[in-house]
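Dumped entry-v1.cif below, it's mmCIF, C-alpha atoms:
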```cif
data_protein
#
loop_
_atom_site.label_atom_id
_atom_site.label_comp_id
_atom_site.auth_asym_id
_atom_site.auth_seq_id
_atom_site.Cartn_x
_atom_site.Cartn_y
_atom_site.Cartn_z
CA MET X 79 0.00 0.00 0.00
CA VAL X 80 1.36 3.41 -0.96
CA CYS X 81 0.42 6.52 0.90
CA ALA X 82 1.25 10.21 0.72
CA ILE X 83 1.70 12.32 3.82
CA SER X 84 1.61 16.10 3.95
CA ALA X 85 1.44 18.23 7.04
CA PHE X 86 2.20 21.72 8.31
CA ILE X 87 4.85 22.18 10.96
CA GLN X 88 4.86 24.99 13.49
CA SER X 89 6.92 27.31 11.32
CA GLY X 90 4.24 27.08 8.65
CA SER X 91 6.43 25.42 6.01
CA LEU X 92 4.94 22.48 4.20
CA VAL X 93 6.32 19.00 4.73
CA HIS X 94 5.54 16.50 2.00
CA ALA X 95 6.78 12.95 1.74
CA GLU X 96 5.75 9.89 -0.19
CA GLY X 97 6.44 6.26 0.65
CA ASN X 98 4.86 2.98 1.64
CA SER X 99 2.96 2.59 4.88
CA GLU X 100 5.76 0.53 6.46
CA LEU X 101 8.26 3.37 6.21
CA SER X 102 5.58 5.75 7.44
CA ALA X 103 5.12 3.60 10.54
CA VAL X 104 8.84 3.88 11.34
CA LEU X 105 8.75 7.64 10.81
CA ALA X 106 5.86 7.82 13.28
CA LEU X 107 8.16 6.41 15.98
CA THR X 108 10.41 9.46 15.72
CA SER X 109 9.97 13.10 16.65
CA GLY X 110 11.41 16.29 15.19
CA ARG X 111 13.12 16.39 11.82
CA SER X 112 13.38 12.79 10.58
CA VAL X 113 13.83 10.62 7.51
CA VAL X 114 13.42 6.92 6.75
CA VAL X 115 15.14 5.59 3.63
CA GLU X 116 15.32 2.26 1.82
CA MET X 117 18.33 1.80 -0.49
CA LYS X 118 19.53 -0.98 -2.75
CA ASN X 119 22.56 -1.19 -5.04
CA GLY X 120 23.51 2.39 -4.22
CA LYS X 121 20.14 3.85 -5.14
CA VAL X 122 17.32 5.22 -3.01
CA ASP X 123 14.30 3.00 -3.65
CA GLU X 124 11.94 4.78 -1.28
CA GLN X 125 12.07 7.53 1.30
CA ILE X 126 9.71 9.32 3.61
CA GLY X 127 10.63 12.31 5.70
CA ARG X 128 9.55 14.99 8.09
CA ASN X 129 11.22 18.18 6.88
CA ALA X 130 14.15 16.08 5.61
CA ASP X 131 15.18 13.73 2.84
CA ALA X 132 17.94 11.22 2.02
CA ASN X 133 20.50 14.01 1.55
CA THR X 134 19.82 15.86 4.81
CA TYR X 135 22.68 15.71 7.30
CA PHE X 136 22.01 14.28 10.75
CA SER X 137 24.07 13.14 13.70
CA LEU X 138 24.80 9.43 13.29
CA ALA X 139 25.56 9.11 17.00
CA SER X 140 27.05 5.63 17.55
CA ILE X 141 26.66 4.59 13.92
CA SER X 142 29.94 6.53 13.75
CA LYS X 143 31.58 3.42 15.23
CA THR X 144 31.01 1.50 12.00
CA LEU X 145 33.02 4.10 10.10
CA THR X 146 35.77 3.96 12.72
CA ALA X 147 35.92 0.16 12.65
CA THR X 148 36.14 0.24 8.84
CA LEU X 149 39.16 2.54 9.03
CA VAL X 150 40.88 0.30 11.60
CA LEU X 151 40.36 -2.84 9.53
CA LYS X 152 41.59 -1.03 6.43
CA LEU X 153 44.81 -0.13 8.24
CA ALA X 154 45.17 -3.78 9.26
CA GLU X 155 44.59 -4.88 5.67
CA GLN X 156 47.35 -2.49 4.61
CA LYS X 157 49.60 -4.08 7.28
CA LYS X 158 50.03 -0.76 9.04
CA ILE X 159 48.72 -2.25 12.29
CA ASN X 160 48.36 -5.73 13.76
CA LEU X 161 44.97 -6.30 15.36
CA ASP X 162 46.45 -8.89 17.72
CA SER X 163 48.92 -6.37 19.14
CA PRO X 164 48.21 -4.43 22.35
CA ILE X 165 46.83 -1.00 21.60
CA GLU X 166 49.58 0.62 23.70
CA THR X 167 52.03 -0.54 21.00
CA TYR X 168 50.67 2.27 18.83
CA LEU X 169 49.63 4.73 21.55
CA PRO X 170 52.39 4.63 24.18
CA GLU X 171 51.86 8.32 24.93
CA VAL X 172 48.25 7.65 25.97
CA PHE X 173 49.17 4.88 28.41
CA VAL X 174 52.11 6.55 30.14
CA GLU X 175 50.48 6.10 33.54
CA ALA X 176 49.09 2.63 32.78
CA LYS X 177 49.43 -0.04 35.43
CA GLU X 178 50.08 -3.76 35.05
CA ASP X 179 47.22 -5.57 33.28
CA ALA X 180 45.80 -2.18 32.32
CA LEU X 181 43.66 -1.33 29.34
CA GLY X 182 46.60 -0.66 27.04
CA GLU X 183 47.74 -4.28 27.13
CA GLN X 184 44.61 -5.55 25.41
CA PRO X 185 44.60 -6.32 21.67
CA ILE X 186 42.98 -4.00 19.16
CA TRP X 187 40.44 -6.74 18.41
CA ALA X 188 39.06 -6.29 21.93
CA PHE X 189 38.46 -2.58 21.36
CA LEU X 190 36.68 -3.22 18.05
CA ASN X 191 34.36 -5.67 19.81
CA HIS X 192 33.76 -3.87 23.14
CA ALA X 193 35.48 -6.65 25.04
CA THR X 194 37.94 -4.58 27.11
CA GLY X 195 35.88 -4.49 30.30
CA MET X 196 35.65 -0.70 30.13
CA SER X 197 32.40 1.14 30.68
CA SER X 198 31.77 4.52 29.02
CA HIS X 199 33.38 7.58 30.59
CA ASN X 200 32.38 10.27 28.08
CA PHE X 201 30.11 11.99 30.63
CA THR X 202 32.98 11.91 33.12
CA ALA X 203 35.20 13.52 30.50
CA VAL X 204 32.69 16.32 29.90
CA THR X 205 32.13 17.04 33.60
CA ALA X 206 35.91 17.03 34.11
CA GLY X 207 36.20 19.84 31.57
CA LYS X 208 37.64 17.84 28.68
CA THR X 209 36.98 19.57 25.37
CA SER X 210 38.25 17.11 22.76
CA TYR X 211 38.31 13.39 22.03
CA ARG X 212 42.10 13.51 22.39
CA GLN X 213 41.71 14.68 25.99
CA TYR X 214 39.05 12.04 26.56
CA ALA X 215 41.45 9.37 25.26
CA GLU X 216 44.18 10.59 27.61
CA LEU X 217 41.74 10.28 30.52
CA VAL X 218 40.80 6.73 29.51
CA GLY X 219 44.49 5.83 29.34
CA THR X 220 44.75 6.38 33.11
CA LEU X 221 41.83 4.06 33.91
CA THR X 222 41.59 0.31 34.37
CA PRO X 223 38.82 -2.06 33.21
CA SER X 224 35.83 -2.09 35.54
CA SER X 225 34.38 -5.40 34.34
CA GLN X 226 35.63 -8.78 33.22
CA VAL X 227 37.94 -8.51 30.24
CA GLY X 228 36.80 -10.50 27.20
CA ARG X 229 33.07 -10.10 27.79
CA TYR X 230 30.92 -7.77 25.74
CA LEU X 231 30.42 -4.39 27.42
CA TYR X 232 29.51 -1.53 25.11
CA SER X 233 31.73 1.51 25.69
CA ASN X 234 32.54 4.77 23.96
CA ASP X 235 36.00 4.58 25.55
CA ASN X 236 37.00 1.81 23.16
CA TYR X 237 36.21 3.78 20.04
CA VAL X 238 37.70 7.05 21.25
CA LEU X 239 40.97 5.17 21.62
CA LEU X 240 40.51 3.69 18.14
CA THR X 241 40.00 7.24 16.84
CA MET X 242 43.38 8.14 18.29
CA LEU X 243 44.92 4.98 16.82
CA ILE X 244 43.74 5.98 13.34
CA GLU X 245 45.17 9.48 13.68
CA LYS X 246 48.50 8.21 15.02
CA VAL X 247 49.04 5.59 12.31
CA THR X 248 47.80 7.66 9.35
CA ARG X 249 49.31 10.96 10.59
CA LEU X 250 46.04 12.55 9.55
CA ASN X 251 43.16 13.94 11.55
CA PHE X 252 40.17 11.62 11.71
CA GLU X 253 38.13 13.54 9.12
CA SER X 254 40.95 13.48 6.57
CA ALA X 255 41.60 9.78 7.14
CA ALA X 256 37.91 9.00 6.67
CA TRP X 257 37.79 11.04 3.46
CA ARG X 258 40.87 9.46 1.89
CA MET X 259 40.20 5.87 2.94
CA VAL X 260 36.40 5.60 2.78
CA TRP X 261 34.37 8.43 1.33
CA GLN X 262 36.53 9.38 -1.64
CA PRO X 263 36.75 5.77 -2.90
CA LEU X 264 32.97 5.48 -2.54
CA GLY X 265 32.43 8.74 -4.44
CA VAL X 266 30.24 10.44 -1.82
CA PRO X 267 30.87 13.47 0.46
CA GLY X 268 30.53 11.35 3.59
CA GLY X 269 30.22 14.08 6.18
CA TYR X 270 32.29 15.43 9.06
CA LEU X 271 32.87 15.37 12.81
CA ASN X 272 30.48 17.52 14.81
CA THR X 273 32.30 19.44 17.55
CA THR X 274 29.62 22.04 18.28
CA SER X 275 28.68 20.81 21.75
CA HIS X 276 30.51 19.55 24.83
CA ALA X 277 28.94 16.12 24.31
CA THR X 278 30.15 15.75 20.72
CA GLN X 279 33.57 17.38 21.23
CA VAL X 280 34.80 14.41 23.24
CA LEU X 281 33.28 11.60 21.19
CA GLY X 282 35.26 11.68 17.96
CA GLY X 283 34.82 8.47 15.99
CA SER X 284 32.78 6.89 18.76
CA GLY X 285 29.70 9.02 18.12
CA ALA X 286 30.19 12.49 16.63
CA TRP X 287 30.00 11.88 12.87
CA MET X 288 27.48 13.81 10.76
CA SER X 289 26.24 12.37 7.47
CA SER X 290 23.20 11.75 5.29
CA ALA X 291 21.16 8.59 4.90
CA HIS X 292 22.27 8.40 1.28
CA ASP X 293 25.99 8.48 2.10
CA ILE X 294 25.81 6.15 5.09
CA GLY X 295 23.88 3.74 2.87
CA PHE X 296 26.89 3.65 0.53
CA LEU X 297 29.15 2.74 3.46
CA PHE X 298 26.98 -0.15 4.60
CA ASN X 299 26.61 -1.43 1.06
CA ALA X 300 30.41 -1.39 0.81
CA LEU X 301 30.54 -3.54 3.96
CA ASN X 302 28.06 -6.11 2.65
CA PRO X 303 30.04 -9.08 1.25
CA SER X 304 27.07 -10.32 -0.79
CA ALA X 305 26.08 -7.01 -2.42
CA PRO X 306 27.45 -5.63 -5.70
CA GLY X 307 29.27 -2.31 -5.86
CA GLN X 308 32.42 -0.60 -4.61
CA LYS X 309 34.02 -2.17 -1.53
CA ILE X 310 36.38 -0.59 0.97
CA LEU X 311 37.89 -3.86 2.21
CA SER X 312 39.07 -6.88 0.26
CA SER X 313 36.93 -10.01 0.48
CA PRO X 314 39.04 -11.69 3.20
CA TRP X 315 38.94 -8.56 5.34
CA LEU X 316 35.21 -8.10 4.79
CA GLN X 317 34.77 -11.60 6.14
CA LYS X 318 36.93 -10.74 9.15
CA MET X 319 34.76 -7.71 9.89
CA HIS X 320 31.70 -9.94 10.12
CA GLU X 321 33.36 -12.69 12.17
CA THR X 322 32.27 -13.40 15.74
CA ARG X 323 35.27 -12.96 18.01
CA TYR X 324 33.86 -12.17 21.44
CA SER X 325 30.09 -11.81 21.10
CA SER X 326 27.73 -12.65 18.26
CA GLU X 327 25.69 -9.51 18.92
CA TYR X 328 28.61 -7.15 18.21
CA ARG X 329 31.19 -7.81 15.51
CA ASN X 330 33.87 -5.24 14.78
CA GLY X 331 31.68 -2.14 14.62
CA LEU X 332 28.51 -3.97 13.54
CA ARG X 333 25.47 -4.92 15.60
CA TYR X 334 23.79 -8.22 14.75
CA LEU X 335 20.21 -9.32 15.42
CA ARG X 336 18.59 -12.46 14.03
CA GLY X 337 20.66 -12.57 10.86
CA ARG X 338 20.42 -8.86 10.14
CA TRP X 339 23.13 -6.37 10.93
CA GLY X 340 23.83 -2.65 11.10
CA HIS X 341 24.14 -0.22 13.99
CA THR X 342 22.12 2.06 16.25
CA GLY X 343 22.82 5.45 17.78
CA SER X 344 21.42 7.70 20.51
CA LEU X 345 22.94 11.02 21.50
CA ALA X 346 21.13 13.94 23.12
CA ARG X 347 18.11 14.28 20.78
CA ALA X 348 19.57 12.20 17.94
CA ARG X 349 18.10 8.77 17.26
CA SER X 350 19.48 6.67 14.41
CA ALA X 351 19.55 3.13 13.09
CA VAL X 352 20.77 1.24 10.02
CA VAL X 353 19.74 -2.32 9.13
CA VAL X 354 21.17 -4.35 6.25
CA GLY X 355 18.50 -6.83 5.24
CA LYS X 356 18.90 -10.40 4.10
CA GLY X 357 18.02 -9.42 0.54
CA GLY X 358 20.62 -6.67 0.34
CA SER X 359 18.30 -3.72 0.98
CA ILE X 360 19.57 -1.15 3.45
CA TYR X 361 17.10 0.61 5.74
CA ILE X 362 18.11 3.84 7.46
CA VAL X 363 16.33 6.12 9.90
CA LEU X 364 17.87 9.36 11.14
CA SER X 365 16.12 11.87 13.39
CA GLU X 366 16.56 14.94 15.55
CA GLY X 367 14.06 14.35 18.32
CA ALA X 368 13.95 12.71 21.71
CA SER X 369 11.74 9.85 20.53
CA PRO X 370 11.87 6.93 20.72
CA SER X 371 13.60 6.58 24.07
CA SER X 372 15.87 3.90 22.63
CA SER X 373 17.14 3.63 19.06
CA ASP X 374 16.85 -0.16 19.45
CA LYS X 375 13.16 0.32 18.68
CA LEU X 376 14.10 1.82 15.34
CA PHE X 377 16.43 -1.08 14.57
CA ASP X 378 13.68 -3.56 15.39
CA ALA X 379 11.16 -1.70 13.23
CA LEU X 380 13.52 -1.64 10.24
CA ALA X 381 14.33 -5.33 10.68
CA ALA X 382 10.61 -6.07 10.72
CA ILE X 383 10.19 -4.33 7.36
CA ASP X 384 12.91 -6.49 5.86
CA SER X 385 11.28 -9.59 7.29
CA LYS X 386 8.06 -8.71 5.47
CA ARG X 387 9.97 -8.03 2.27
CA LYS X 388 11.29 -11.57 2.37
CA VAL X 389 7.79 -13.00 2.71
CA LYS X 390 6.43 -11.14 -0.34
#
```
Show how you would write the structure in this file as structure tokens.
Amino acid sequence: MVCAISAFIQSGSLVHAEGNSELSAVLALTSGRSVVVEMKNGKVDEQIGRNADANTYFSLASISKTLTATLVLKLAEQKKINLDSPIETYLPEVFVEAKEDALGEQPIWAFLNHATGMSSHNFTAVTAGKTSYRQYAELVGTLTPSSQVGRYLYSNDNYVLLTMLIEKVTRLNFESAAWRMVWQPLGVPGGYLNTTSHATQVLGGSGAWMSSAHDIGFLFNALNPSAPGQKILSSPWLQKMHETRYSSEYRNGLRYLRGRWGHTGSLARARSAVVVGKGGSIYIVLSEGASPSSSDKLFDALAAIDSKRKVK
């Protein structure tokens, strides 16, 4: 069933979007400026938006981690880093005050998979007056794991340190490395780091990337081993990115749920989710509102759409 939605927002400007009722239902879960997009083979099949479209820039929040993980695996593919090596091998200046059995001694694989035992300390960094992800990383370097090492525990700390790793090895800032290694090869603008607030200043590649649904769709298509189109990683390294190493629910910057994968993100008022379906379609929702309370609901709703597509 196809429907058309048009409505007036408070400013009086007209919002008009067309799409099927399933995308409309996902849009209804969000608040504020929002867009829901379905892409396949690098093209937008359908989209529905509230004062936004597939080219509107939004905060990706933690979907940024997928970009960061892609850069780390690309450096490993290029033999510039060894993922089995302790992260302090590449960032000795960050772990100057590290103690025995500290965070720095864990392999890079553990950081990619949130298996370091570290909880998130980004709010601690902000309240302590840190104003950049580099300062946040330096703070993390003085801390020790708070949970059992080797078990899945989602943490922004891990990906802030990976942001620093990328900058150290490439000798480029994170934005430049992302442009040269990911976005330029894919032929899309890609976006930039948002440093306009205290919350985003410290996050770096763990959650501060801005991009459009269209461009992020290109990234996820490039990470799909079974889809045609430009790839960032060679086939063996694509397979490594999707391998289970510590937890089946999180694999090297990708969240998995019942055979579908992607990522979610929540930050301040941003709510985002990407799902790569079993048939190769990519579903993306980006929004600037405080609803839903958890972006997991968006992931589930997108996965449900793909499930219905498979039945048809």
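Look at Phe296 (chain X): the protein and nucleic acid residues within 10 Å of it, using only C-alpha atoms and passing over chain neighbours fewer than 6 places away, are Met117, Lys118, Asn119, Gly120, Lys121, Val260, Trp261, Leu264, Gly265, Val266, Gly268, Gly307, Gln308, Lys309 and Ile360 of chain X.
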For C-alpha atoms, I'd like the residues from the last selection saved as an mmCIF file, in the frame of the given file.
```cif
data_model
loop_
_atom_site.group_PDB
_atom_site.id
_atom_site.type_symbol
_atom_site.label_atom_id
_atom_site.label_comp_id
_atom_site.auth_asym_id
_atom_site.auth_seq_id
_atom_site.Cartn_x
_atom_site.Cartn_y
_atom_site.Cartn_z
ATOM 1 C CA MET X 117 18.330 1.800 -0.490
ATOM 2 C CA LYS X 118 19.530 -0.980 -2.750
ATOM 3 C CA ASN X 119 22.560 -1.190 -5.040
ATOM 4 C CA GLY X 120 23.510 2.390 -4.220
ATOM 5 C CA LYS X 121 20.140 3.850 -5.140
ATOM 6 C CA VAL X 260 36.400 5.600 2.780
ATOM 7 C CA TRP X 261 34.370 8.430 1.330
ATOM 8 C CA LEU X 264 32.970 5.480 -2.540
ATOM 9 C CA GLY X 265 32.430 8.740 -4.440
ATOM 10 C CA VAL X 266 30.240 10.440 -1.820
ATOM 11 C CA GLY X 268 30.530 11.350 3.590
ATOM 12 C CA GLY X 307 29.270 -2.310 -5.860
ATOM 13 C CA GLN X 308 32.420 -0.600 -4.610
ATOM 14 C CA LYS X 309 34.020 -2.170 -1.530
ATOM 15 C CA ILE X 360 19.570 -1.150 3.450
#
```
>> What does the structure give for the distance between CA of Leu297 (chain X) and CA of Gly285 (chain X), in Å to one decimal?
In response: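 Result for CA of Leu297 (chain X) versus CA of Gly285 (chain X): 16.0 Å, one decimal.
The smallest atom-to-atom distance between Thr222 (chain X) and any of X:Leu345, X:Met242, X:Ala154, X:Met196, using only C-alpha atoms, is found for X:Met196.
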Residues of region 211-288 of chain X at most 12 Å from region 313-327 of chain X: nearest atom pair and distance in Å, only C-alpha atoms, as JSON lines:
```
{"residue": "X:Val227", "atom": "CA", "partner": "X:Tyr324", "partner_atom": "CA", "distance": 10.4}
{"residue": "X:Gly228", "atom": "CA", "partner": "X:Tyr324", "partner_atom": "CA", "distance": 6.7}
{"residue": "X:Arg229", "atom": "CA", "partner": "X:Tyr324", "partner_atom": "CA", "distance": 6.7}
{"residue": "X:Tyr230", "atom": "CA", "partner": "X:Ser325", "partner_atom": "CA", "distance": 6.2}
{"residue": "X:Leu231", "atom": "CA", "partner": "X:Ser325", "partner_atom": "CA", "distance": 9.8}
{"residue": "X:Tyr232", "atom": "CA", "partner": "X:Glu327", "partner_atom": "CA", "distance": 10.8}
```
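Distances from X:Asn160, X:Thr241, X:Phe298, X:Asp378 to Leu271 (chain X) were compared using all atoms listed in the file, and the smallest one belongs to X:Thr241.
Nearest-residue note for Val104 (chain X): choosing from X:Tyr270, X:Tyr237, X:Tyr361, X:Trp287, the minimum distance belongs to X:Tyr361, counting all atoms listed in the file.
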>> Which residue is closest to Thr194 (chain X)? Choose from X:Gln226, X:Thr220, X:Ser109, X:Thr209 and count all atoms listed in the file.
In response: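 Residue with the minimum atom-to-atom distance to Thr194 (chain X): X:Gln226.
Taking CA of Ile383 (chain X) as the reference point, CA of Gly337 (chain X) is found at 13.8 Å.
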> How many Å lie between CA of Asn98 (chain X) and CA of Trp339 (chain X), rounded to one decimal?
Replying inline: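 Atom-to-atom, CA of Asn98 (chain X) and CA of Trp339 (chain X) are spaced 22.5 Å apart.
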